[in-house]
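This is coords-v2.pdb (PDB, C-alpha atoms and all ligand atoms).
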```
ATOM      1  CA  MET V  87      91.329 105.776  87.778  1.00  0.00           C
ATOM      2  CA  ALA V  88      89.671 102.746  86.358  1.00  0.00           C
ATOM      3  CA  THR V  89      92.648 101.192  84.684  1.00  0.00           C
ATOM      4  CA  ASN V  90      95.516  99.384  86.240  1.00  0.00           C
ATOM      5  CA  SER V  91      97.509  96.319  85.333  1.00  0.00           C
ATOM      6  CA  MET V  92      95.607  93.990  87.601  1.00  0.00           C
ATOM      7  CA  GLY V  93      93.351  91.464  85.980  1.00  0.00           C
ATOM      8  CA  GLY V  94      89.790  91.158  87.089  1.00  0.00           C
ATOM      9  CA  SER V  95      88.917  94.808  86.924  1.00  0.00           C
ATOM     10  CA  THR V  96      85.888  93.884  84.921  1.00  0.00           C
ATOM     11  CA  ALA V  97      84.533  91.776  87.753  1.00  0.00           C
ATOM     12  CA  LEU V  98      85.232  94.579  90.200  1.00  0.00           C
ATOM     13  CA  ASP V  99      83.501  97.064  87.965  1.00  0.00           C
ATOM     14  CA  ARG V 100      80.539  94.741  87.852  1.00  0.00           C
ATOM     15  CA  LEU V 101      80.413  94.522  91.630  1.00  0.00           C
ATOM     16  CA  ARG V 102      80.570  98.248  91.945  1.00  0.00           C
ATOM     17  CA  ARG V 103      77.852  98.685  89.398  1.00  0.00           C
ATOM     18  CA  ARG V 104      75.715  96.274  91.340  1.00  0.00           C
ATOM     19  CA  TYR V 105      75.930  98.482  94.384  1.00  0.00           C
ATOM     20  CA  GLU V 106      75.326 101.566  92.327  1.00  0.00           C
ATOM     21  CA  THR V 107      72.113 100.083  91.015  1.00  0.00           C
ATOM     22  CA  THR V 108      70.816  98.152  94.018  1.00  0.00           C
ATOM     23  CA  GLU V 109      71.885 100.253  96.972  1.00  0.00           C
ATOM     24  CA  LYS V 110      70.949 103.752  96.053  1.00  0.00           C
ATOM     25  CA  LYS V 111      68.742 104.241  99.042  1.00  0.00           C
ATOM     26  CA  CYS V 112      70.278 105.190 102.354  1.00  0.00           C
ATOM     27  CA  PRO V 113      69.079 102.801 105.084  1.00  0.00           C
ATOM     28  CA  ALA V 114      69.529 105.506 107.697  1.00  0.00           C
ATOM     29  CA  CYS V 115      67.484 108.344 106.248  1.00  0.00           C
ATOM     30  CA  GLY V 116      65.886 106.943 103.110  1.00  0.00           C
ATOM     31  CA  TYR V 117      67.604 109.381 100.799  1.00  0.00           C
ATOM     32  CA  VAL V 118      67.950 108.018  97.275  1.00  0.00           C
ATOM     33  CA  ASP V 119      71.314 108.889  95.802  1.00  0.00           C
ATOM     34  CA  HIS V 120      70.864 108.816  92.045  1.00  0.00           C
ATOM     35  CA  ASP V 121      74.533 109.498  91.506  1.00  0.00           C
ATOM     36  CA  ALA V 122      75.382 106.496  93.668  1.00  0.00           C
ATOM     37  CA  ASN V 123      78.670 107.831  94.907  1.00  0.00           C
ATOM     38  CA  TRP V 124      80.305 104.531  95.650  1.00  0.00           C
ATOM     39  CA  THR V 125      84.030 104.702  95.878  1.00  0.00           C
ATOM     40  CA  SER V 126      86.385 101.764  95.820  1.00  0.00           C
ATOM     41  CA  ARG V 127      89.880 101.308  97.085  1.00  0.00           C
ATOM     42  CA  THR V 128      92.147  98.357  97.296  1.00  0.00           C
ATOM     43  CA  ASP V 129      95.347  97.402  99.015  1.00  0.00           C
ATOM     44  CA  GLY V 130      95.896  94.506  96.632  1.00  0.00           C
ATOM     45  CA  ARG V 131      94.398  91.937  98.973  1.00  0.00           C
ATOM     46  CA  ARG V 132      90.907  93.257  99.296  1.00  0.00           C
ATOM     47  CA  VAL V 133      88.616  95.836  97.846  1.00  0.00           C
ATOM     48  CA  VAL V 134      86.527  98.141  99.965  1.00  0.00           C
ATOM     49  CA  TYR V 135      83.484  99.771  98.462  1.00  0.00           C
ATOM     50  CA  ARG V 136      82.251 102.740 100.391  1.00  0.00           C
ATOM     51  CA  HIS V 137      79.306 105.036 100.118  1.00  0.00           C
ATOM     52  CA  VAL V 138      78.662 108.160 102.115  1.00  0.00           C
ATOM     53  CA  CYS V 139      75.132 109.470 102.129  1.00  0.00           C
ATOM     54  CA  PRO V 140      75.107 113.078 100.916  1.00  0.00           C
ATOM     55  CA  SER V 141      72.036 113.738 102.998  1.00  0.00           C
ATOM     56  CA  CYS V 142      72.830 112.406 106.468  1.00  0.00           C
ATOM     57  CA  GLY V 143      76.481 111.404 106.141  1.00  0.00           C
ATOM     58  CA  ALA V 144      75.929 107.763 107.042  1.00  0.00           C
ATOM     59  CA  SER V 145      78.534 105.518 105.472  1.00  0.00           C
ATOM     60  CA  ARG V 146      78.261 101.973 104.248  1.00  0.00           C
ATOM     61  CA  GLU V 147      81.087  99.672 103.388  1.00  0.00           C
ATOM     62  CA  HIS V 148      81.397  96.347 101.626  1.00  0.00           C
ATOM     63  CA  THR V 149      84.671  94.506 101.703  1.00  0.00           C
ATOM     64  CA  PHE V 150      85.772  91.830  99.288  1.00  0.00           C
ATOM     65  CA  ARG V 151      88.824  89.694  99.528  1.00  0.00           C
ATOM     66  CA  LEU V 152      90.835  89.278  96.366  1.00  0.00           C
ATOM     67  CA  ARG V 153      92.462  86.044  95.435  1.00  0.00           C
TER      68      ARG V 153
HETATM   69 ZN    ZN V 201      71.251 109.049 104.691  1.00  0.00          ZN
END
```
Is it possible to give me this structure as structure tokens?
Amino acid sequence: MATNSMGGSTALDRLRRRYETTEKKCPACGYVDHDANWTSRTDGRRVVYRHVCPSCGASREHTFRLR
């Protein structure tokens, strides 16, 4: 579900890609997730990127406010 009518999806995709490439390693257990299962959701005002470690289940979140 990468397409919607909102502008700026390219910037959001770039942000997500940044996490997928720079935050592969779980800070809790050190597991490196090569699939980088970051998910993103938005309520229109902010975007929340979330990753759940497949090894230990620790979750990380990054929240961005949209303008
Ligand atoms: Zn972990």
Review point. Counting only C-alpha atoms and all ligand atoms, what residues are within 7 Å of ligand ZN 201 (chain V), given as a PyMOL selection string?
Key: chain V and resi 112-117+139-144
Check your understanding: Quick one, how far is CA of Arg151 in chain V from CA of His137 in chain V?
Key ->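 A separation of 18.1 Å between them.
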Review point. Could you list as a count of residues only every residue that has an atom within 7 Å of (87.1, 98.4, 101.1), using the file's coordinates and counting all atoms listed in the file?
Key: 12
Practice item. Pick out the residues sitting within 7 Å of range 99-111 of chain V, and hand them over as a ChimeraX atom specification; count only C-alpha atoms, and ignore anything fewer than 4 positions along from it in its own chain. Key: /V:95,116-120,122,124
I need the chosen residues saved as a JSON list (two decimals), keeping the file's coordinate frame, with C-alpha atoms.
```
[["chain", "number", "residue", "atom", "x", "y", "z"],
["V", 95, "SER", "CA", 88.92, 94.81, 86.92],
["V", 116, "GLY", "CA", 65.89, 106.94, 103.11],
["V", 117, "TYR", "CA", 67.60, 109.38, 100.80],
["V", 118, "VAL", "CA", 67.95, 108.02, 97.28],
["V", 119, "ASP", "CA", 71.31, 108.89, 95.80],
["V", 120, "HIS", "CA", 70.86, 108.82, 92.04],
["V", 122, "ALA", "CA", 75.38, 106.50, 93.67],
["V", 124, "TRP", "CA", 80.31, 104.53, 95.65]]
```
For range 101-120 of chain V, I'd like the enclosing box, axis-aligned and padded by 3 Å on every side, reported as AutoDock Vina command-line options with centre and edge lengths in Å to one decimal.
```
--center_x 73.2 --center_y 102.0 --center_z 98.5 --size_x 20.7 --size_y 20.9 --size_z 24.3
```
